[in-house]
Amino acid sequence: KYNNSFLEQYILVAQTRFIRRIMNNFIKYKDKNDRVVELASLCDTLHIELNDKFGKLTVSEWFAHLTILKIEAQKNVIKGSAYKIYKESEFLNLFKSLKIPLKKTKYFIDKISFKKSSIDIFDNPIVRFDDTSILFMNIVFIQPFLPNIFLSLMARNQIDVSKKGTNYEKNLLELFKTNERFGLLKKKKKIKINNEEYEYDCIVVWEEFIFLFELKNRAFPNQTTHSMVDFYEKSESFIVQINRQLKGFKENIKIFNELFGMDLSDKTIVPVILSAFPICFNSDINGVYFYDYSTLSKFFEGKLIGKKNQKTEEIEMALHSQWIGDSPCAKDLFNSISQPFQLLTELEKIETESGLLSFYDLLRLKNNINLESFP
C-alpha cells in the first residue's frame with residue numbers, strides 16, 4: 001500500500017546526497033560553469049558519456065538547450081515576469097548561440113512542450129499556441145534540477161535509454177572484479193528454461209551469502225504526490241521482477257552450482273535492487289533490499305567513513321566503521337545493504353530536526369535566488 005510519508009523522507013535524503021555530490025564537484029571543477037558540473041555529476045552517476053545519444057540529441061545537446069531555458073527564465077523573473085509569450089522565431093533565436101542544427105532545437109522544443117499527456121508544467125514549461133506563439137513559464141524554471149528534468153523527459157517521451165544499462169552493468173562488474181582479492185566471485189548470467197528467460201545483471205557469491213543485484217537507472221522522484229506514487233508503483237514492479245529471478249535461481253540451482261563451481265544450496269540469498277542514483281532504504285520490502293551504487297562503491301574504498309582533510313584526502317575524524325576487521329567480508333556488505341550508514345545519518349538529522357536542508361534550500365544557496373519573493 002502506498003505511503004506518502006514513508007517515501008518522502010527517503011526521497012529528501014536522496015536529493016540531498018545527489019546535490020551534495022554536485023556541490024563537491026563545484027569544488028573539484030572550480031573553474032567550470034554550472035552546466036559542466038551538473039553534466040559531470042549526471043554522467044558519473046548514470047555511467048554515461050557526453051556524446052551518448054538519447055533520441056535525436058546527445059546528452060551534451062540536451063543540457064545545452066536546458067541551460068538556455070534556465071538562463072532565460074532567470075532573466076525574465078528578475079524583471080518580474082512569471083511567464084513570457086514569444087513569437088516562434090523569437091523563441092528559436094534564443095538557442096542560436098549553441099550553433100546546433102535548427103531541426104535539433106525544434107525536436108527539443110517539441111519534447112519539452114506541454115501536451116495532453118503531460119502531468120504538470122514543471123517538466124513541460126512550454127505551451128504552444130496555434131498562431132505559432134509560445135508561452136514559457138519562467139517561474140517554474142528559474143532553479144531547475146537539470147539532471148532530473150533530463151531523465152524525466154526521457155521517460156515521458158519514451159526515449160530509449162538502454163545504453164545506460166550496458167555501461168552501468170560494465171562498471172558494476174568491474175567494481176567487483178577489482179575487489180575479487182577479498183574472496184568474492186561475480187557473474188552475469190542469462191538462462192532459458194522451458195521457454196522462460198531469466199537475466200541476472202550481477203550475481204555475487206561471497207562466503208555464506210549470494211547477492212542478486214538487479215540494476216536500475218531510474219531517477220528519484222520529486223516530492224509531488226504523483227511522482228512519488230509513480231516511483232512506488234515502479235518499485236513494486238521491480239520487486240516482482242527480482243522475486244521472479246530469485247524463484248528461477250532457486251529452481252535451477254544446479255545451473256548456478258556449475259557456474260560457480262560449488263554447492264550454493266546452503267547459502268543465504270539476498271535480492272538487491274541497485275540504484276544508480278543515491279536512493280536506498282534501511283529495511284527490506286517483501287524480502288527485497290534497495291541499495292545504491294554510490295554506497296556500494298564507497299564500501300570498498302576503505303574501512304572508515306568520516307571527515308577528510310581536503311589536502312591529503314585522509315580521514316581526520318572517523319564517523320563509522322564499515323568493516324568488522326581490517327578487510328571487508330560478506331557480512332559487512334550485508335550490513336551495509338540492510339542498514340546503509342549514508343542513509344541512517346541523514347535520517348537522524350531529519351528526526352532530530354538538526355537542519356537537513358531541503359533540496360530546494362540547497363538550490364537557493366547555490367544560485368543565491370530568493371524564491372519567496374515570487375508568488
# chains A, B, ... in the order shown; residues from 1 in each chain; ligands from 1
$ residues_around --residues "Lys75 in chain A" --least-positions-apart "4" --cutoff "9 Å" --atoms "only C-alpha atoms" --output "list in words"
Lys70, Ile71, Lys79, Ser81, Asn138 and Ile142 of chain A
$ residues_around --residues "Ile269 in chain A" --least-positions-apart "5" --cutoff "7 Å" --atoms "only C-alpha atoms" --output "PDB file with N, CA, C and O atoms, in the first residue's frame"
ATOM      1  N   PHE A 209      26.975 -15.817   1.725  1.00  0.00           N
ATOM      2  CA  PHE A 209      25.911 -15.057   1.057  1.00  0.00           C
ATOM      3  C   PHE A 209      25.966 -15.175  -0.466  1.00  0.00           C
ATOM      4  O   PHE A 209      27.038 -15.348  -1.061  1.00  0.00           O
ATOM      5  N   ILE A 210      24.781 -15.053  -1.067  1.00  0.00           N
ATOM      6  CA  ILE A 210      24.638 -14.861  -2.517  1.00  0.00           C
ATOM      7  C   ILE A 210      23.849 -13.571  -2.707  1.00  0.00           C
ATOM      8  O   ILE A 210      22.708 -13.449  -2.240  1.00  0.00           O
ATOM      9  N   PHE A 211      24.463 -12.592  -3.361  1.00  0.00           N
ATOM     10  CA  PHE A 211      23.800 -11.313  -3.617  1.00  0.00           C
ATOM     11  C   PHE A 211      23.324 -11.271  -5.067  1.00  0.00           C
ATOM     12  O   PHE A 211      24.141 -11.395  -5.992  1.00  0.00           O
TER      13      PHE A 211
END
$ select_by_dssp --residues "range 232-364 of chain A" --states "strand (DSSP E)" --output "PyMOL selection string"
chain A and resi 268-275+289-292+304-308+315-321
$ write_last_selection --atoms "N, CA and C atoms" --output "PDB file, in the first residue's frame"
ATOM      1  N   THR A 268      22.787 -17.987   2.047  1.00  0.00           N
ATOM      2  CA  THR A 268      21.694 -17.024   2.188  1.00  0.00           C
ATOM      3  C   THR A 268      21.627 -16.135   0.947  1.00  0.00           C
ATOM      4  N   ILE A 269      20.475 -16.108   0.292  1.00  0.00           N
ATOM      5  CA  ILE A 269      20.321 -15.310  -0.925  1.00  0.00           C
ATOM      6  C   ILE A 269      19.722 -13.948  -0.566  1.00  0.00           C
ATOM      7  N   VAL A 270      20.388 -12.892  -1.041  1.00  0.00           N
ATOM      8  CA  VAL A 270      19.955 -11.521  -0.752  1.00  0.00           C
ATOM      9  C   VAL A 270      19.616 -10.812  -2.074  1.00  0.00           C
ATOM     10  N   PRO A 271      18.327 -10.646  -2.399  1.00  0.00           N
ATOM     11  CA  PRO A 271      17.947  -9.920  -3.624  1.00  0.00           C
ATOM     12  C   PRO A 271      18.048  -8.406  -3.405  1.00  0.00           C
ATOM     13  N   VAL A 272      18.750  -7.712  -4.326  1.00  0.00           N
ATOM     14  CA  VAL A 272      19.030  -6.289  -4.145  1.00  0.00           C
ATOM     15  C   VAL A 272      18.690  -5.502  -5.409  1.00  0.00           C
ATOM     16  N   ILE A 273      17.833  -4.481  -5.275  1.00  0.00           N
ATOM     17  CA  ILE A 273      17.631  -3.505  -6.344  1.00  0.00           C
ATOM     18  C   ILE A 273      18.719  -2.454  -6.158  1.00  0.00           C
ATOM     19  N   LEU A 274      19.636  -2.358  -7.132  1.00  0.00           N
ATOM     20  CA  LEU A 274      20.770  -1.443  -7.006  1.00  0.00           C
ATOM     21  C   LEU A 274      20.540  -0.217  -7.890  1.00  0.00           C
ATOM     22  N   SER A 275      20.306   0.927  -7.261  1.00  0.00           N
ATOM     23  CA  SER A 275      20.006   2.163  -7.985  1.00  0.00           C
ATOM     24  C   SER A 275      21.281   2.924  -8.328  1.00  0.00           C
ATOM     25  N   TYR A 289      15.884  -5.804  -0.902  1.00  0.00           N
ATOM     26  CA  TYR A 289      16.597  -4.630  -0.387  1.00  0.00           C
ATOM     27  C   TYR A 289      16.823  -3.611  -1.499  1.00  0.00           C
ATOM     28  N   PHE A 290      16.758  -2.334  -1.129  1.00  0.00           N
ATOM     29  CA  PHE A 290      17.035  -1.234  -2.063  1.00  0.00           C
ATOM     30  C   PHE A 290      18.329  -0.555  -1.622  1.00  0.00           C
ATOM     31  N   TYR A 291      19.315  -0.575  -2.509  1.00  0.00           N
ATOM     32  CA  TYR A 291      20.668  -0.109  -2.200  1.00  0.00           C
ATOM     33  C   TYR A 291      21.114   0.762  -3.366  1.00  0.00           C
ATOM     34  N   ASP A 292      22.224   1.490  -3.239  1.00  0.00           N
ATOM     35  CA  ASP A 292      22.659   2.338  -4.358  1.00  0.00           C
ATOM     36  C   ASP A 292      24.143   2.170  -4.650  1.00  0.00           C
ATOM     37  N   LEU A 304      36.883   3.011   7.051  1.00  0.00           N
ATOM     38  CA  LEU A 304      36.285   4.113   7.782  1.00  0.00           C
ATOM     39  C   LEU A 304      35.592   5.136   6.885  1.00  0.00           C
ATOM     40  N   ILE A 305      34.496   5.681   7.390  1.00  0.00           N
ATOM     41  CA  ILE A 305      33.828   6.830   6.783  1.00  0.00           C
ATOM     42  C   ILE A 305      33.959   7.978   7.770  1.00  0.00           C
ATOM     43  N   GLY A 306      34.332   9.135   7.294  1.00  0.00           N
ATOM     44  CA  GLY A 306      34.494  10.264   8.203  1.00  0.00           C
ATOM     45  C   GLY A 306      34.852  11.536   7.475  1.00  0.00           C
ATOM     46  N   LYS A 307      35.210  12.540   8.232  1.00  0.00           N
ATOM     47  CA  LYS A 307      35.585  13.828   7.665  1.00  0.00           C
ATOM     48  C   LYS A 307      37.027  13.769   7.177  1.00  0.00           C
ATOM     49  N   LYS A 308      37.218  14.175   5.912  1.00  0.00           N
ATOM     50  CA  LYS A 308      38.541  14.094   5.291  1.00  0.00           C
ATOM     51  C   LYS A 308      39.255  15.441   5.293  1.00  0.00           C
ATOM     52  N   ILE A 315      41.271  10.611   6.338  1.00  0.00           N
ATOM     53  CA  ILE A 315      40.190  10.812   7.291  1.00  0.00           C
ATOM     54  C   ILE A 315      40.746  11.341   8.604  1.00  0.00           C
ATOM     55  N   GLU A 316      40.274  12.512   9.004  1.00  0.00           N
ATOM     56  CA  GLU A 316      40.723  13.139  10.244  1.00  0.00           C
ATOM     57  C   GLU A 316      39.855  12.746  11.432  1.00  0.00           C
ATOM     58  N   MET A 317      38.557  12.527  11.156  1.00  0.00           N
ATOM     59  CA  MET A 317      37.653  12.143  12.227  1.00  0.00           C
ATOM     60  C   MET A 317      36.710  11.049  11.726  1.00  0.00           C
ATOM     61  N   ALA A 318      36.863   9.837  12.251  1.00  0.00           N
ATOM     62  CA  ALA A 318      36.043   8.704  11.824  1.00  0.00           C
ATOM     63  C   ALA A 318      34.642   8.812  12.404  1.00  0.00           C
ATOM     64  N   LEU A 319      33.642   8.579  11.543  1.00  0.00           N
ATOM     65  CA  LEU A 319      32.246   8.605  11.971  1.00  0.00           C
ATOM     66  C   LEU A 319      31.621   7.213  11.991  1.00  0.00           C
ATOM     67  N   HIS A 320      32.206   6.310  11.195  1.00  0.00           N
ATOM     68  CA  HIS A 320      31.602   4.980  11.077  1.00  0.00           C
ATOM     69  C   HIS A 320      32.640   3.994  10.538  1.00  0.00           C
ATOM     70  N   SER A 321      32.588   2.766  11.042  1.00  0.00           N
ATOM     71  CA  SER A 321      33.445   1.688  10.543  1.00  0.00           C
ATOM     72  C   SER A 321      32.590   0.732   9.709  1.00  0.00           C
TER      73      SER A 321
END
$ closest_atom_pairs --of "range 302-344 of chain A" --to "range 5-15 of chain A" --cutoff "12 Å" --atoms "only C-alpha atoms" --output "CSV"
residue,atom,partner,partner_atom,distance
A:Pro340,CA,A:Tyr10,CA,12.0
A:Gln342,CA,A:Val13,CA,9.1
A:Leu343,CA,A:Val13,CA,7.0
A:Leu344,CA,A:Val13,CA,9.5
$ write_last_selection --atoms "C-alpha atoms" --output "short mmCIF file (atom, residue, chain, number, x, y, z; two decimals), in the first residue's frame"
data_model
loop_
_atom_site.label_atom_id
_atom_site.label_comp_id
_atom_site.auth_asym_id
_atom_site.auth_seq_id
_atom_site.Cartn_x
_atom_site.Cartn_y
_atom_site.Cartn_z
CA PRO A 340 23.24 1.99 4.92
CA GLN A 342 24.89 7.22 4.48
CA LEU A 343 21.11 6.94 4.76
CA LEU A 344 20.89 6.49 8.52
#
$ residues_around --residues "range 61-68 of chain A" --least-positions-apart "3" --cutoff "8 Å" --atoms "only C-alpha atoms" --output "list in words"
Arg35, Leu39, Leu57, Thr58, Ile71, Glu72, Leu94, Phe95, Leu98, Ile100, Thr105, Phe108, Leu146 and Phe150 of chain A
$ write_last_selection --atoms "C-alpha atoms" --output "PDB file, in the first residue's frame"
ATOM      1  CA  ARG A  35      26.214  23.146 -16.732  1.00  0.00           C
ATOM      2  CA  LEU A  39      26.758  17.251 -16.604  1.00  0.00           C
ATOM      3  CA  LEU A  57      20.187  14.733 -29.223  1.00  0.00           C
ATOM      4  CA  THR A  58      23.348  13.897 -27.329  1.00  0.00           C
ATOM      5  CA  ILE A  71      19.220  31.455 -18.158  1.00  0.00           C
ATOM      6  CA  GLU A  72      16.215  32.937 -19.994  1.00  0.00           C
ATOM      7  CA  LEU A  94      17.311  32.043 -28.030  1.00  0.00           C
ATOM      8  CA  PHE A  95      19.183  28.876 -28.973  1.00  0.00           C
ATOM      9  CA  LEU A  98      24.509  26.946 -29.415  1.00  0.00           C
ATOM     10  CA  ILE A 100      23.208  23.335 -33.118  1.00  0.00           C
ATOM     11  CA  THR A 105      16.306  22.638 -31.483  1.00  0.00           C
ATOM     12  CA  PHE A 108      13.967  19.668 -28.194  1.00  0.00           C
ATOM     13  CA  LEU A 146      18.561  19.652 -14.871  1.00  0.00           C
ATOM     14  CA  PHE A 150      16.596  15.280 -18.411  1.00  0.00           C
TER      15      PHE A 150
END
$ atom_distance --atom1 "CA of Lys216 in chain A" --atom2 "CA of Lys234 in chain A"
10.6 Å
$ select_by_dssp --residues "range 154-288 of chain A" --states "helix (DSSP H, G or I)" --output "ChimeraX atom specification"
/A:154-156,162-178,180-182,225-251,253-260
$ closest_residue --among "A:Ile285, A:Leu246, A:Met137, A:Ile159" --to "Val77 in chain A" --atoms "only C-alpha atoms"
A:Met137
$ residues_around --residues "Val204 in chain A" --least-positions-apart "2" --cutoff "8 Å" --atoms "only C-alpha atoms" --output "NGL selection string"
:A and (184-187 or 202 or 206 or 210-213)
$ atom_distance --atom1 "CA of Leu347 in chain A" --atom2 "CA of Asn179 in chain A"
29.7 Å
$ residues_around --residues "range 293-301 of chain A" --least-positions-apart "3" --cutoff "10 Å" --atoms "only C-alpha atoms" --output "CSV table (one decimal) with N, CA, C and O atoms, in the first residue's frame"
chain,number,residue,atom,x,y,z
A,17,ARG,N,21.7,14.0,-1.0
A,17,ARG,CA,23.0,13.3,-1.3
A,17,ARG,C,23.5,13.7,-2.7
A,17,ARG,O,24.7,13.9,-3.0
A,18,PHE,N,22.5,13.7,-3.7
A,18,PHE,CA,22.9,14.0,-5.1
A,18,PHE,C,23.4,15.4,-5.2
A,18,PHE,O,24.4,15.7,-5.9
A,45,THR,N,27.1,9.6,-12.3
A,45,THR,CA,26.1,8.8,-11.6
A,45,THR,C,25.5,7.8,-12.5
A,45,THR,O,25.3,6.6,-12.1
A,46,LEU,N,25.1,8.2,-13.7
A,46,LEU,CA,24.4,7.3,-14.6
A,46,LEU,C,25.3,6.4,-15.5
A,46,LEU,O,24.8,5.6,-16.3
A,168,TYR,N,26.3,0.8,-17.1
A,168,TYR,CA,26.2,0.6,-15.7
A,168,TYR,C,26.6,-0.8,-15.3
A,168,TYR,O,27.3,-1.1,-14.3
A,171,ASN,N,30.4,-1.2,-15.4
A,171,ASN,CA,31.1,-0.6,-14.3
A,171,ASN,C,30.9,-1.4,-13.0
A,171,ASN,O,31.8,-1.5,-12.2
A,172,LEU,N,29.7,-1.9,-12.8
A,172,LEU,CA,29.5,-2.7,-11.6
A,172,LEU,C,30.3,-4.0,-11.6
A,172,LEU,O,30.9,-4.3,-10.6
A,175,LEU,N,33.8,-3.1,-10.8
A,175,LEU,CA,33.9,-2.8,-9.4
A,175,LEU,C,34.2,-4.1,-8.6
A,175,LEU,O,35.1,-4.2,-7.7
A,176,PHE,N,33.4,-5.1,-8.9
A,176,PHE,CA,33.5,-6.4,-8.1
A,176,PHE,C,34.8,-7.1,-8.6
A,176,PHE,O,35.5,-7.8,-7.7
A,178,THR,N,37.6,-5.8,-9.4
A,178,THR,CA,38.7,-5.1,-8.7
A,178,THR,C,38.8,-5.6,-7.3
A,178,THR,O,39.9,-5.6,-6.7
A,179,ASN,N,37.7,-6.1,-6.7
A,179,ASN,CA,37.7,-6.5,-5.3
A,179,ASN,C,37.6,-8.0,-5.1
A,179,ASN,O,37.3,-8.4,-4.0
A,182,PHE,N,39.2,-10.1,-2.1
A,182,PHE,CA,38.6,-10.3,-0.8
A,182,PHE,C,37.8,-11.6,-0.8
A,182,PHE,O,37.2,-11.9,0.2
A,215,LEU,N,20.0,-4.1,-11.6
A,215,LEU,CA,20.4,-2.7,-11.7
A,215,LEU,C,19.3,-1.8,-12.3
A,215,LEU,O,18.6,-2.2,-13.2
A,216,LYS,N,19.1,-0.7,-11.7
A,216,LYS,CA,18.1,0.3,-12.1
A,216,LYS,C,18.7,1.7,-12.2
A,216,LYS,O,19.4,2.1,-11.3
A,274,LEU,N,19.6,-2.4,-7.1
A,274,LEU,CA,20.8,-1.4,-7.0
A,274,LEU,C,20.5,-0.2,-7.9
A,274,LEU,O,20.6,-0.3,-9.1
A,275,SER,N,20.3,0.9,-7.3
A,275,SER,CA,20.0,2.2,-8.0
A,275,SER,C,21.3,2.9,-8.3
A,275,SER,O,22.2,3.0,-7.5
A,276,ALA,N,21.3,3.5,-9.5
A,276,ALA,CA,22.5,4.3,-9.9
A,276,ALA,C,22.4,5.6,-9.1
A,276,ALA,O,23.4,6.2,-8.7
A,277,PHE,N,21.2,6.1,-8.9
A,277,PHE,CA,21.0,7.3,-8.1
A,277,PHE,C,21.1,6.9,-6.6
A,277,PHE,O,20.7,5.8,-6.2
A,278,PRO,N,21.5,7.9,-5.7
A,278,PRO,CA,21.7,7.6,-4.3
A,278,PRO,C,20.4,7.4,-3.5
A,278,PRO,O,20.2,8.2,-2.5
A,279,ILE,N,19.5,6.5,-3.9
A,279,ILE,CA,18.3,6.3,-3.1
A,279,ILE,C,18.4,4.8,-2.6
A,279,ILE,O,18.6,3.9,-3.3
A,280,CYS,N,18.2,4.7,-1.3
A,280,CYS,CA,18.2,3.4,-0.6
A,280,CYS,C,17.3,3.4,0.6
A,280,CYS,O,16.9,4.5,1.0
A,304,LEU,N,36.9,3.0,7.1
A,304,LEU,CA,36.3,4.1,7.8
A,304,LEU,C,35.6,5.1,6.9
A,304,LEU,O,36.0,5.4,5.8
A,305,ILE,N,34.5,5.7,7.4
A,305,ILE,CA,33.8,6.8,6.8
A,305,ILE,C,34.0,8.0,7.8
A,305,ILE,O,33.7,7.8,9.0
A,321,SER,N,32.6,2.8,11.0
A,321,SER,CA,33.4,1.7,10.5
A,321,SER,C,32.6,0.7,9.7
A,321,SER,O,31.6,0.2,10.2
A,322,GLN,N,33.0,0.6,8.4
A,322,GLN,CA,32.2,-0.3,7.5
A,322,GLN,C,32.5,-1.7,7.7
A,322,GLN,O,31.7,-2.6,7.3
A,323,TRP,N,33.7,-2.0,8.2
A,323,TRP,CA,34.1,-3.4,8.2
A,323,TRP,C,34.4,-3.8,9.7
A,323,TRP,O,34.8,-3.0,10.5
A,327,SER,N,39.7,-6.0,6.7
A,327,SER,CA,39.3,-6.1,5.3
A,327,SER,C,37.8,-6.4,5.3
A,327,SER,O,37.3,-7.0,6.2
A,328,PRO,N,37.1,-6.1,4.2
A,328,PRO,CA,35.7,-6.4,4.1
A,328,PRO,C,35.3,-7.8,4.0
A,328,PRO,O,36.1,-8.6,3.5
A,332,ASP,N,29.8,-7.8,6.3
A,332,ASP,CA,29.9,-6.4,6.3
A,332,ASP,C,29.0,-5.8,5.2
A,332,ASP,O,28.4,-4.8,5.4
A,333,LEU,N,29.1,-6.4,4.0
A,333,LEU,CA,28.3,-5.9,2.9
A,333,LEU,C,26.8,-6.0,3.1
A,333,LEU,O,26.1,-5.1,2.9
A,336,SER,N,25.8,-3.3,5.3
A,336,SER,CA,25.7,-2.0,4.6
A,336,SER,C,24.5,-1.9,3.8
A,336,SER,O,23.8,-0.9,3.7
A,337,ILE,N,24.1,-3.0,3.2
A,337,ILE,CA,22.9,-3.1,2.3
A,337,ILE,C,21.6,-2.9,3.2
A,337,ILE,O,20.7,-2.2,2.8
A,340,PRO,N,22.2,1.1,5.5
A,340,PRO,CA,23.2,2.0,4.9
A,340,PRO,C,23.5,3.2,5.8
A,340,PRO,O,22.6,4.0,6.1
A,341,PHE,N,24.8,3.3,6.2
A,341,PHE,CA,25.2,4.4,7.1
A,341,PHE,C,24.9,5.8,6.5
A,341,PHE,O,24.4,6.7,7.1
A,342,GLN,N,25.1,5.9,5.1
A,342,GLN,CA,24.9,7.2,4.5
A,342,GLN,C,23.4,7.6,4.6
A,342,GLN,O,23.1,8.8,4.6
A,343,LEU,N,22.5,6.7,4.6
A,343,LEU,CA,21.1,6.9,4.8
A,343,LEU,C,20.8,7.2,6.2
A,343,LEU,O,20.1,8.2,6.5
$ closest_residue --among "A:Ile85, A:Ala40, A:Phe114, A:Arg218" --to "Ser133 in chain A" --atoms "only C-alpha atoms"
A:Ile85
$ closest_residue --among "A:Thr132, A:Asn51, A:Asn24, A:Asn124" --to "Ile109 in chain A" --atoms "only C-alpha atoms"
A:Asn124
$ closest_residue --among "A:Asn76, A:Asn335, A:Gln158, A:Asn282" --to "Phe136 in chain A" --atoms "only C-alpha atoms"
A:Asn76
$ atom_distance --atom1 "CA of Lys53 in chain A" --atom2 "CA of Glu236 in chain A"
29.3 Å
$ residues_around --residues "Phe256 in chain A" --least-positions-apart "6" --cutoff "12 Å" --atoms "only C-alpha atoms" --output "PDB file with N, CA and C atoms, in the first residue's frame"
ATOM      1  N   LYS A 186      31.958 -13.091  -8.916  1.00  0.00           N
ATOM      2  CA  LYS A 186      30.823 -12.412  -9.556  1.00  0.00           C
ATOM      3  C   LYS A 186      30.614 -12.963 -10.956  1.00  0.00           C
ATOM      4  N   LYS A 187      29.341 -13.017 -11.369  1.00  0.00           N
ATOM      5  CA  LYS A 187      28.978 -13.475 -12.700  1.00  0.00           C
ATOM      6  C   LYS A 187      27.751 -12.716 -13.189  1.00  0.00           C
ATOM      7  N   LYS A 188      27.661 -12.569 -14.508  1.00  0.00           N
ATOM      8  CA  LYS A 188      26.439 -12.088 -15.162  1.00  0.00           C
ATOM      9  C   LYS A 188      25.906 -13.280 -15.933  1.00  0.00           C
ATOM     10  N   LYS A 189      24.615 -13.552 -15.870  1.00  0.00           N
ATOM     11  CA  LYS A 189      24.109 -14.781 -16.472  1.00  0.00           C
ATOM     12  C   LYS A 189      22.711 -14.596 -17.036  1.00  0.00           C
ATOM     13  N   LYS A 190      22.486 -15.210 -18.208  1.00  0.00           N
ATOM     14  CA  LYS A 190      21.151 -15.276 -18.786  1.00  0.00           C
ATOM     15  C   LYS A 190      20.851 -16.750 -19.060  1.00  0.00           C
ATOM     16  N   ILE A 191      19.723 -17.232 -18.556  1.00  0.00           N
ATOM     17  CA  ILE A 191      19.360 -18.634 -18.774  1.00  0.00           C
ATOM     18  C   ILE A 191      17.948 -18.709 -19.338  1.00  0.00           C
ATOM     19  N   TYR A 200      20.221 -12.240 -15.171  1.00  0.00           N
ATOM     20  CA  TYR A 200      20.777 -11.777 -13.902  1.00  0.00           C
ATOM     21  C   TYR A 200      21.890 -10.768 -14.191  1.00  0.00           C
ATOM     22  N   ILE A 203      25.498 -11.519 -10.193  1.00  0.00           N
ATOM     23  CA  ILE A 203      25.385 -12.441  -9.061  1.00  0.00           C
ATOM     24  C   ILE A 203      26.734 -12.456  -8.355  1.00  0.00           C
ATOM     25  N   VAL A 204      26.719 -12.176  -7.062  1.00  0.00           N
ATOM     26  CA  VAL A 204      27.957 -12.188  -6.283  1.00  0.00           C
ATOM     27  C   VAL A 204      27.856 -13.269  -5.202  1.00  0.00           C
ATOM     28  N   VAL A 205      28.764 -14.233  -5.258  1.00  0.00           N
ATOM     29  CA  VAL A 205      28.850 -15.268  -4.227  1.00  0.00           C
ATOM     30  C   VAL A 205      30.030 -14.921  -3.334  1.00  0.00           C
ATOM     31  N   ILE A 210      24.781 -15.053  -1.067  1.00  0.00           N
ATOM     32  CA  ILE A 210      24.638 -14.861  -2.517  1.00  0.00           C
ATOM     33  C   ILE A 210      23.849 -13.571  -2.707  1.00  0.00           C
ATOM     34  N   GLY A 248      13.555 -18.302 -10.002  1.00  0.00           N
ATOM     35  CA  GLY A 248      14.275 -19.008 -11.059  1.00  0.00           C
ATOM     36  C   GLY A 248      15.632 -19.510 -10.597  1.00  0.00           C
ATOM     37  N   PHE A 249      16.285 -18.735  -9.758  1.00  0.00           N
ATOM     38  CA  PHE A 249      17.601 -19.117  -9.224  1.00  0.00           C
ATOM     39  C   PHE A 249      17.466 -20.367  -8.356  1.00  0.00           C
ATOM     40  N   LYS A 250      16.490 -20.356  -7.468  1.00  0.00           N
ATOM     41  CA  LYS A 250      16.311 -21.486  -6.552  1.00  0.00           C
ATOM     42  C   LYS A 250      15.903 -22.756  -7.298  1.00  0.00           C
ATOM     43  N   MET A 262      30.663 -24.680  -7.168  1.00  0.00           N
ATOM     44  CA  MET A 262      30.470 -25.023  -5.751  1.00  0.00           C
ATOM     45  C   MET A 262      28.992 -25.241  -5.465  1.00  0.00           C
ATOM     46  N   ASP A 263      28.690 -25.841  -4.337  1.00  0.00           N
ATOM     47  CA  ASP A 263      27.310 -26.051  -3.909  1.00  0.00           C
ATOM     48  C   ASP A 263      26.805 -24.773  -3.236  1.00  0.00           C
ATOM     49  N   LEU A 264      25.776 -24.188  -3.807  1.00  0.00           N
ATOM     50  CA  LEU A 264      25.248 -22.920  -3.304  1.00  0.00           C
ATOM     51  C   LEU A 264      23.976 -23.087  -2.454  1.00  0.00           C
ATOM     52  N   SER A 265      23.518 -24.318  -2.307  1.00  0.00           N
ATOM     53  CA  SER A 265      22.198 -24.556  -1.726  1.00  0.00           C
ATOM     54  C   SER A 265      22.050 -24.091  -0.277  1.00  0.00           C
TER      55      SER A 265
END
